[in-house]
Structures are given as C-alpha cells and as structure tokens.
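**Student:** Below you'll find model.cif; it's mmCIF, C-alpha atoms.
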data_structure
loop_
_atom_site.group_PDB
_atom_site.id
_atom_site.type_symbol
_atom_site.label_atom_id
_atom_site.label_comp_id
_atom_site.auth_asym_id
_atom_site.auth_seq_id
_atom_site.Cartn_x
_atom_site.Cartn_y
_atom_site.Cartn_z
ATOM 1 C CA MET A 1 0.000 0.000 0.000
ATOM 2 C CA ASP A 2 1.189 3.518 -0.813
ATOM 3 C CA VAL A 3 0.523 6.497 1.454
ATOM 4 C CA VAL A 4 1.672 10.064 1.917
ATOM 5 C CA LEU A 5 3.255 10.659 5.323
ATOM 6 C CA ALA A 6 2.744 14.239 6.483
ATOM 7 C CA SER A 7 5.857 14.057 8.664
ATOM 8 C CA ALA A 8 9.635 14.064 8.376
ATOM 9 C CA SER A 9 9.924 11.639 11.308
ATOM 10 C CA PRO A 10 12.316 8.803 10.454
ATOM 11 C CA ARG A 11 10.698 6.726 13.217
ATOM 12 C CA ARG A 12 7.216 6.999 11.694
ATOM 13 C CA LEU A 13 8.587 6.171 8.261
ATOM 14 C CA ALA A 14 10.399 3.103 9.639
ATOM 15 C CA LEU A 15 7.243 1.898 11.402
ATOM 16 C CA LEU A 16 5.240 2.145 8.179
ATOM 17 C CA LYS A 17 7.937 0.259 6.256
ATOM 18 C CA GLN A 18 7.960 -2.392 8.984
ATOM 19 C CA VAL A 19 4.350 -3.311 8.138
ATOM 20 C CA GLY A 20 4.748 -3.098 4.374
ATOM 21 C CA ILE A 21 3.453 0.412 3.754
ATOM 22 C CA THR A 22 5.386 2.505 1.238
ATOM 23 C CA ALA A 23 5.259 6.168 2.194
ATOM 24 C CA SER A 24 6.248 9.257 0.300
ATOM 25 C CA VAL A 25 7.375 11.831 2.833
ATOM 26 C CA HIS A 26 5.737 15.242 2.608
ATOM 27 C CA PRO A 27 6.234 17.271 5.822
ATOM 28 C CA ALA A 28 3.352 19.599 6.597
ATOM 29 C CA SER A 29 3.596 23.365 6.636
ATOM 30 C CA PHE A 30 1.400 23.734 9.689
ATOM 31 C CA ALA A 31 1.967 25.682 12.913
ATOM 32 C CA GLU A 32 1.402 23.190 15.728
ATOM 33 C CA GLU A 33 -0.611 24.249 18.764
ATOM 34 C CA ALA A 34 1.034 23.801 22.173
ATOM 35 C CA GLY A 35 -2.061 23.877 24.393
ATOM 36 C CA SER A 36 -2.421 22.693 27.967
ATOM 37 C CA ALA A 37 -2.227 19.218 29.482
ATOM 38 C CA ASP A 38 -5.909 19.177 30.435
ATOM 39 C CA ALA A 39 -6.658 19.493 26.718
ATOM 40 C CA ALA A 40 -3.799 17.271 25.498
ATOM 41 C CA HIS A 41 -6.152 14.935 23.604
ATOM 42 C CA GLU A 42 -7.586 17.917 21.739
ATOM 43 C CA VAL A 43 -4.110 19.343 21.072
ATOM 44 C CA VAL A 44 -2.766 16.182 19.417
ATOM 45 C CA LEU A 45 -6.001 15.759 17.423
ATOM 46 C CA HIS A 46 -5.883 19.392 16.284
ATOM 47 C CA ASN A 47 -2.231 19.116 15.249
ATOM 48 C CA ALA A 48 -2.628 15.780 13.455
ATOM 49 C CA LEU A 49 -5.714 17.012 11.572
ATOM 50 C CA GLY A 50 -4.049 20.303 10.702
ATOM 51 C CA LYS A 51 -0.986 18.566 9.268
ATOM 52 C CA CYS A 52 -3.110 16.019 7.406
ATOM 53 C CA ARG A 53 -5.370 18.664 5.868
ATOM 54 C CA ALA A 54 -2.440 20.906 4.902
ATOM 55 C CA VAL A 55 -0.677 18.106 3.039
ATOM 56 C CA ALA A 56 -3.880 16.783 1.436
ATOM 57 C CA ALA A 57 -4.570 20.316 0.152
ATOM 58 C CA GLU A 58 -1.154 20.240 -1.568
ATOM 59 C CA VAL A 59 -1.002 16.663 -2.887
ATOM 60 C CA GLY A 60 -4.633 15.537 -2.928
ATOM 61 C CA ASP A 61 -6.108 12.500 -1.208
ATOM 62 C CA SER A 62 -6.229 9.908 -3.974
ATOM 63 C CA VAL A 63 -3.816 7.935 -1.797
ATOM 64 C CA PRO A 64 -4.181 8.026 1.999
ATOM 65 C CA VAL A 65 -2.541 10.975 3.724
ATOM 66 C CA ILE A 66 -1.386 10.103 7.252
ATOM 67 C CA ALA A 67 -0.365 12.626 9.908
ATOM 68 C CA ALA A 68 0.450 12.246 13.587
ATOM 69 C CA ASP A 69 1.341 14.340 16.606
ATOM 70 C CA THR A 70 2.894 12.835 19.754
ATOM 71 C CA VAL A 71 3.285 14.437 23.187
ATOM 72 C CA VAL A 72 4.296 13.309 26.642
ATOM 73 C CA VAL A 73 2.102 14.411 29.559
ATOM 74 C CA VAL A 74 3.265 14.460 33.196
ATOM 75 C CA ASP A 75 2.205 16.604 36.162
ATOM 76 C CA GLU A 76 -0.492 18.140 33.960
ATOM 77 C CA VAL A 77 2.228 19.526 31.673
ATOM 78 C CA ILE A 78 2.773 18.685 27.999
ATOM 79 C CA LEU A 79 6.383 17.862 27.206
ATOM 80 C CA GLY A 80 7.154 18.285 23.536
ATOM 81 C CA LYS A 81 10.589 18.159 21.954
ATOM 82 C CA PRO A 82 13.279 19.830 24.085
ATOM 83 C CA ALA A 83 14.777 23.053 22.753
ATOM 84 C CA ASP A 84 18.276 22.125 23.927
ATOM 85 C CA ALA A 85 20.304 19.750 26.118
ATOM 86 C CA GLN A 86 19.457 21.657 29.307
ATOM 87 C CA GLU A 87 15.721 21.360 28.677
ATOM 88 C CA ALA A 88 16.143 17.653 27.782
ATOM 89 C CA ALA A 89 17.902 17.028 31.120
ATOM 90 C CA ALA A 90 15.133 18.857 33.001
ATOM 91 C CA MET A 91 12.458 16.787 31.246
ATOM 92 C CA LEU A 92 14.234 13.526 32.055
ATOM 93 C CA ALA A 93 14.667 14.553 35.695
ATOM 94 C CA ARG A 94 10.941 15.275 35.842
ATOM 95 C CA LEU A 95 10.103 11.834 34.368
ATOM 96 C CA SER A 96 12.562 9.957 36.607
ATOM 97 C CA GLY A 97 10.845 7.370 38.828
ATOM 98 C CA ARG A 98 7.430 8.480 37.585
ATOM 99 C CA THR A 99 4.584 7.415 35.349
ATOM 100 C CA HIS A 100 3.558 9.542 32.394
ATOM 101 C CA GLN A 101 1.287 9.300 29.369
ATOM 102 C CA VAL A 102 2.255 9.332 25.727
ATOM 103 C CA LEU A 103 -0.546 10.601 23.502
ATOM 104 C CA THR A 104 -0.495 10.391 19.723
ATOM 105 C CA GLY A 105 -3.157 11.963 17.568
ATOM 106 C CA VAL A 106 -3.438 10.258 14.175
ATOM 107 C CA ALA A 107 -5.347 11.652 11.195
ATOM 108 C CA VAL A 108 -6.032 9.956 7.867
ATOM 109 C CA LYS A 109 -7.567 11.580 4.781
ATOM 110 C CA PHE A 110 -8.505 9.487 1.757
ATOM 111 C CA ALA A 111 -10.919 9.920 -1.138
ATOM 112 C CA GLY A 112 -12.766 12.814 0.479
ATOM 113 C CA LYS A 113 -13.092 11.070 3.854
ATOM 114 C CA GLU A 114 -11.288 11.990 7.036
ATOM 115 C CA LEU A 115 -10.758 10.220 10.351
ATOM 116 C CA ALA A 116 -8.825 11.188 13.483
ATOM 117 C CA GLN A 117 -8.215 9.367 16.771
ATOM 118 C CA VAL A 118 -5.950 9.471 19.819
ATOM 119 C CA CYS A 119 -3.931 6.611 21.272
ATOM 120 C CA ALA A 120 -2.739 6.770 24.903
ATOM 121 C CA THR A 121 0.008 4.684 26.509
ATOM 122 C CA LYS A 122 1.230 4.754 30.129
ATOM 123 C CA VAL A 123 5.009 4.694 30.524
ATOM 124 C CA PHE A 124 6.762 3.916 33.804
ATOM 125 C CA PHE A 125 10.301 5.330 34.152
ATOM 126 C CA ARG A 126 12.822 3.887 36.572
ATOM 127 C CA GLU A 127 14.679 6.203 38.974
ATOM 128 C CA LEU A 128 17.496 7.911 37.054
ATOM 129 C CA THR A 129 20.747 9.278 38.447
ATOM 130 C CA GLN A 130 22.097 12.669 37.374
ATOM 131 C CA GLY A 131 24.988 10.835 35.705
ATOM 132 C CA GLU A 132 22.604 8.653 33.693
ATOM 133 C CA ILE A 133 20.630 11.699 32.602
ATOM 134 C CA ALA A 134 23.807 13.549 31.579
ATOM 135 C CA ALA A 135 25.124 10.540 29.643
ATOM 136 C CA TYR A 136 21.828 10.043 27.818
ATOM 137 C CA VAL A 137 21.524 13.731 26.952
ATOM 138 C CA GLY A 138 25.162 13.654 25.825
ATOM 139 C CA SER A 139 24.285 10.903 23.347
ATOM 140 C CA GLY A 140 22.146 13.442 21.448
ATOM 141 C CA GLU A 141 19.264 10.979 21.195
ATOM 142 C CA PRO A 142 16.731 12.931 23.287
ATOM 143 C CA LEU A 143 16.978 16.214 21.401
ATOM 144 C CA ASP A 144 14.378 15.509 18.685
ATOM 145 C CA LYS A 145 11.880 13.475 20.678
ATOM 146 C CA ALA A 146 8.793 14.378 22.686
ATOM 147 C CA GLY A 147 9.582 14.023 26.385
ATOM 148 C CA ALA A 148 13.311 13.882 25.570
ATOM 149 C CA TYR A 149 13.576 10.109 25.117
ATOM 150 C CA GLY A 150 13.247 7.439 22.479
ATOM 151 C CA ILE A 151 12.020 4.061 23.708
ATOM 152 C CA GLN A 152 13.249 2.433 20.486
ATOM 153 C CA GLY A 153 16.854 3.499 21.155
ATOM 154 C CA LYS A 154 19.051 3.994 24.208
ATOM 155 C CA GLY A 155 16.008 5.417 25.979
ATOM 156 C CA ALA A 156 14.730 1.840 26.341
ATOM 157 C CA LEU A 157 17.032 1.630 29.373
ATOM 158 C CA LEU A 158 15.028 4.371 31.106
ATOM 159 C CA VAL A 159 11.677 2.572 30.896
ATOM 160 C CA GLU A 160 10.623 -0.082 33.424
ATOM 161 C CA LYS A 161 7.372 -0.987 31.684
ATOM 162 C CA ILE A 162 4.498 0.324 29.614
ATOM 163 C CA GLU A 163 0.746 -0.193 29.564
ATOM 164 C CA GLY A 164 -0.631 0.105 26.054
ATOM 165 C CA CYS A 165 0.789 0.345 22.559
ATOM 166 C CA TYR A 166 4.588 0.268 22.271
ATOM 167 C CA ASN A 167 4.521 1.737 18.745
ATOM 168 C CA ASN A 168 2.547 4.686 20.098
ATOM 169 C CA VAL A 169 5.522 5.565 22.300
ATOM 170 C CA VAL A 170 7.762 5.388 19.216
ATOM 171 C CA GLY A 171 5.378 7.826 17.486
ATOM 172 C CA LEU A 172 2.772 5.948 15.441
ATOM 173 C CA PRO A 173 0.276 3.427 16.876
ATOM 174 C CA LEU A 174 0.225 0.920 14.023
ATOM 175 C CA THR A 175 -2.727 -1.212 15.136
ATOM 176 C CA MET A 176 -4.931 1.855 15.539
ATOM 177 C CA LEU A 177 -3.720 3.190 12.168
ATOM 178 C CA TYR A 178 -4.527 -0.138 10.497
ATOM 179 C CA SER A 179 -8.084 -0.004 11.888
ATOM 180 C CA MET A 180 -8.450 3.607 10.763
ATOM 181 C CA LEU A 181 -7.276 2.797 7.231
ATOM 182 C CA LYS A 182 -9.798 -0.056 7.035
ATOM 183 C CA GLU A 183 -12.591 2.171 8.374
ATOM 184 C CA ILE A 184 -11.888 4.912 5.849
ATOM 185 C CA GLY A 185 -11.784 2.417 2.964
ATOM 186 C CA ALA A 186 -8.015 2.294 2.442
ATOM 187 C CA SER A 187 -7.313 -1.203 3.697
ATOM 188 C CA MET A 188 -3.766 -2.539 3.449
ATOM 189 C CA THR A 189 -5.122 -5.677 1.754
ATOM 190 C CA ARG A 190 -6.447 -3.788 -1.291
#
Any chance you could put this one into structure tokens?
**Tutor:**
Amino acid sequence: MDVVLASASPRRLALLKQVGITASVHPASFAEEAGSADAAHEVVLHNALGKCRAVAAEVGDSVPVIAADTVVVVDEVILGKPADAQEAAAMLARLSGRTHQVLTGVAVKFAGKELAQVCATKVFFRELTQGEIAAYVGSGEPLDKAGAYGIQGKGALLVEKIEGCYNNVVGLPLTMLYSMLKEIGASMTR
C-alpha cells in the first residue's frame, strides 16, 4: 500500500515500512498548537488534523494521507521536543521514577473522507541518576523526541514498563492506524 506521510519523522517512516506500507514523505507546513495538558487529547487531534489537511490540500487524497502528533504528559504539563540539552535534562529529571502518558493523535484523509483518533500509553520510568541523565543527553538521542527520550533506542534503558501500545511511544500506533485505514476504505489488503 502507498501512502503520503505528512511528517519528516524517520521513526514513523520506519514503522510504516515495517508493516509493508510505502510512504512518500511530505512534511506539513502547519503551525502546531502547544495547548495545555488538560486538553492534550484535543491538542494532538488538532495538530494531526491540521498537518493532514495541509498536506492533502497540496497533494490531494487519492492515496491516503497520514499525519500524527505525539506528546508526553506528566504533572499536567505537555512535554514536547526539548529546545536544547538543558531542557532535555530537566524533562528527564521530571520523568525519573514516575509514570507519564504518551498521547499520539493520528489523522487519515482518503478519497474525500477523514478520520482522526488518539492513542494513549502509560510509561513507567525507573529512577534515574544525574549521571545517567547527563550521559543520555550527551548521546544526542533525546533532542528531537517528545519528552526527551526514544524508547526504540538507548532510551529503552530508562523505561521499566508500559501499559498500552509500544509503537505509540515510538510515534505511530500501528494497530490503531490499520483499523483507521480499514474504516476509511483504504485497507492494506487492497
């Protein structure tokens, strides 16, 4: 199946390839909303829909257009991508020994139809030392990831367990996306 991915995320592209979906990458020109944690579901839906609609307006929707927005929520605060190493270290210190939620809004537009949903996963971090935080930040891995960690990389060592969809924490809940594609008439078995 061919799709248009309204994202430059290498992780989302790799996840799609993993399940046999060929994606042309077309990052959206859309100003994401930051919002508040009490409206985090609405924020990720708004951002995913905005990106999806912006790209569909440019390339059409004769093939499915897929967009996503992922945030980390802890202490009623949305943690997006850190601006720098100092902010990454502060985010990781905040997550240390705690449970947080990863929310991903996913939007699909195909043949004049549109669908958007949110996937939520609970992530449990182990207690981190300052040295561990500094070493992880020094690796550069956390700088382009919501919440300043990547569960699919070295950040896996920070996570004790999760409740919910692993791929959601990576950035694209594949099972939910598969169901959405089927619902909108763009099944992978076509």
**Student:** Please return, as a list in words, all polymer residues that have at least one atom within 8 Å of the point (-9.3, 7.8, -0.7); use only C-alpha atoms and the file's own coordinate frame.
**Tutor:**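 The residues near that point, listed by chain and number, are Asp61, Ser62, Val63, Pro64, Lys109, Phe110, Ala111, Gly112, Lys113, Ile184, Gly185 and Ala186 of chain A.
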**Student:** Determine, counting all atoms listed in the file, which protein, DNA and RNA residues have an atom within 8 Å of an atom of region 142-157 of chain A; residues of the same chain fewer than 4 positions away are not included. Present the result as a list in words.
**Tutor:**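 So the residues in contact are Thr70, Val71, Val72, Leu79, Gly80, Lys81, Pro82, Ala83, Asp84, Ala85, Ala88, Ala89, Met91, Leu92, Tyr136, Val137, Val169 and Val170 of chain A.
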**Student:** Figure out the distance between CA of Ser24 (chain A) and CA of Ala67 (chain A), please, to one decimal in Å.
**Tutor:** 12.1 Å
**Student:** Find the distance between CA of Gly105 (chain A) and CA of Pro173 (chain A) and write it in Å to one decimal.
**Tutor:**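 Taking CA of Gly105 (chain A) and CA of Pro173 (chain A), their separation equals 9.2 Å.
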**Student:** Applying 8 Å and only C-alpha atoms, which residues near Lys51 (chain A) remain after dropping the ones on its own chain fewer than 2 positions away? List them as a short mmCIF file (atom, residue, chain, number, x, y, z; two decimals) with C-alpha atoms, keeping the file's coordinate frame.
**Tutor:**
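The file below, out39.cif, is the result:
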data_model
loop_
_atom_site.label_atom_id
_atom_site.label_comp_id
_atom_site.auth_asym_id
_atom_site.auth_seq_id
_atom_site.Cartn_x
_atom_site.Cartn_y
_atom_site.Cartn_z
CA ALA A 6 2.74 14.24 6.48
CA ALA A 28 3.35 19.60 6.60
CA SER A 29 3.60 23.36 6.64
CA PHE A 30 1.40 23.73 9.69
CA ASN A 47 -2.23 19.12 15.25
CA ALA A 48 -2.63 15.78 13.46
CA LEU A 49 -5.71 17.01 11.57
CA ARG A 53 -5.37 18.66 5.87
CA ALA A 54 -2.44 20.91 4.90
CA VAL A 55 -0.68 18.11 3.04
CA ALA A 67 -0.36 12.63 9.91
CA ALA A 68 0.45 12.25 13.59
#
**Student:** Hey, can you check how far CA of Ala34 (chain A) sits from CA of Ile78 (chain A)?
**Tutor:**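 About the pair CA of Ala34 (chain A) and CA of Ile78 (chain A): they are 7.9 Å apart.
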**Student:** Build an axis-aligned box that encloses every atom of region 156-160 of chain A listed in the file, pad it by 6 Å on each side, and report its centre and edge lengths in Å to one decimal, as AutoDock Vina command-line options.
**Tutor:**
--center_x 13.8 --center_y 2.1 --center_z 29.9 --size_x 18.4 --size_y 16.5 --size_z 19.1
**Student:** Which is closer to Leu103 (chain A) than all the others in A:Thr121, A:Ser179, A:Asn167, A:Gln18, using all atoms listed in the file?
**Tutor:**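 For Leu103 (chain A), the nearest of the given residues is A:Thr121.
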**Student:** Let me make sure I understand: among A:Ala134, A:Ala120, A:Val25, A:Val43, which one has the smallest atom-to-atom distance to Glu87 (chain A) if we use only C-alpha atoms?
**Tutor:** A:Ala134
**Student:** Smallest atom-to-atom distance to Gly50 (chain A): which of A:Glu114, A:Glu183, A:Glu76, A:Glu127, using all atoms listed in the file?
**Tutor:**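 Checking each of A:Glu114, A:Glu183, A:Glu76, A:Glu127 against Gly50 (chain A), counting all atoms listed in the file, the winner is A:Glu114.
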**Student:** Reconstruct N, CA and C atoms of region 87-103 of chain A from the incomplete input and present them as a PDB file, in the coordinates of the input.
**Tutor:**
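Once written, result06.pdb looks like this:
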ATOM      1  N   GLU A  87      17.143  21.663  28.554  1.00  0.00           N
ATOM      2  CA  GLU A  87      15.721  21.360  28.677  1.00  0.00           C
ATOM      3  C   GLU A  87      15.486  19.847  28.636  1.00  0.00           C
ATOM      4  N   ALA A  88      16.254  19.122  27.832  1.00  0.00           N
ATOM      5  CA  ALA A  88      16.143  17.653  27.782  1.00  0.00           C
ATOM      6  C   ALA A  88      16.454  17.055  29.147  1.00  0.00           C
ATOM      7  N   ALA A  89      17.523  17.533  29.792  1.00  0.00           N
ATOM      8  CA  ALA A  89      17.902  17.028  31.120  1.00  0.00           C
ATOM      9  C   ALA A  89      16.807  17.320  32.143  1.00  0.00           C
ATOM     10  N   ALA A  90      16.213  18.500  32.064  1.00  0.00           N
ATOM     11  CA  ALA A  90      15.133  18.857  33.001  1.00  0.00           C
ATOM     12  C   ALA A  90      13.915  17.961  32.785  1.00  0.00           C
ATOM     13  N   MET A  91      13.587  17.672  31.531  1.00  0.00           N
ATOM     14  CA  MET A  91      12.458  16.787  31.246  1.00  0.00           C
ATOM     15  C   MET A  91      12.712  15.387  31.805  1.00  0.00           C
ATOM     16  N   LEU A  92      13.905  14.862  31.574  1.00  0.00           N
ATOM     17  CA  LEU A  92      14.234  13.526  32.055  1.00  0.00           C
ATOM     18  C   LEU A  92      14.226  13.459  33.579  1.00  0.00           C
ATOM     19  N   ALA A  93      14.708  14.508  34.232  1.00  0.00           N
ATOM     20  CA  ALA A  93      14.667  14.553  35.695  1.00  0.00           C
ATOM     21  C   ALA A  93      13.220  14.550  36.186  1.00  0.00           C
ATOM     22  N   ARG A  94      12.354  15.228  35.480  1.00  0.00           N
ATOM     23  CA  ARG A  94      10.941  15.275  35.842  1.00  0.00           C
ATOM     24  C   ARG A  94      10.274  13.907  35.669  1.00  0.00           C
ATOM     25  N   LEU A  95      10.685  13.150  34.658  1.00  0.00           N
ATOM     26  CA  LEU A  95      10.103  11.834  34.368  1.00  0.00           C
ATOM     27  C   LEU A  95      10.685  10.727  35.257  1.00  0.00           C
ATOM     28  N   SER A  96      11.855  10.965  35.819  1.00  0.00           N
ATOM     29  CA  SER A  96      12.562   9.957  36.607  1.00  0.00           C
ATOM     30  C   SER A  96      11.705   9.384  37.733  1.00  0.00           C
ATOM     31  N   GLY A  97      11.580   8.049  37.768  1.00  0.00           N
ATOM     32  CA  GLY A  97      10.845   7.370  38.828  1.00  0.00           C
ATOM     33  C   GLY A  97       9.346   7.587  38.786  1.00  0.00           C
ATOM     34  N   ARG A  98       8.837   8.087  37.687  1.00  0.00           N
ATOM     35  CA  ARG A  98       7.430   8.480  37.585  1.00  0.00           C
ATOM     36  C   ARG A  98       6.727   7.767  36.441  1.00  0.00           C
ATOM     37  N   THR A  99       5.418   7.913  36.436  1.00  0.00           N
ATOM     38  CA  THR A  99       4.584   7.415  35.349  1.00  0.00           C
ATOM     39  C   THR A  99       4.099   8.616  34.552  1.00  0.00           C
ATOM     40  N   HIS A 100       4.090   8.482  33.241  1.00  0.00           N
ATOM     41  CA  HIS A 100       3.558   9.542  32.394  1.00  0.00           C
ATOM     42  C   HIS A 100       2.750   8.914  31.268  1.00  0.00           C
ATOM     43  N   GLN A 101       2.075   9.751  30.516  1.00  0.00           N
ATOM     44  CA  GLN A 101       1.287   9.300  29.369  1.00  0.00           C
ATOM     45  C   GLN A 101       1.908   9.792  28.077  1.00  0.00           C
ATOM     46  N   VAL A 102       1.893   8.931  27.074  1.00  0.00           N
ATOM     47  CA  VAL A 102       2.255   9.332  25.727  1.00  0.00           C
ATOM     48  C   VAL A 102       0.969   9.321  24.913  1.00  0.00           C
ATOM     49  N   LEU A 103       0.655  10.462  24.335  1.00  0.00           N
ATOM     50  CA  LEU A 103      -0.546  10.601  23.502  1.00  0.00           C
ATOM     51  C   LEU A 103      -0.129  10.873  22.062  1.00  0.00           C
TER      52      LEU A 103
END
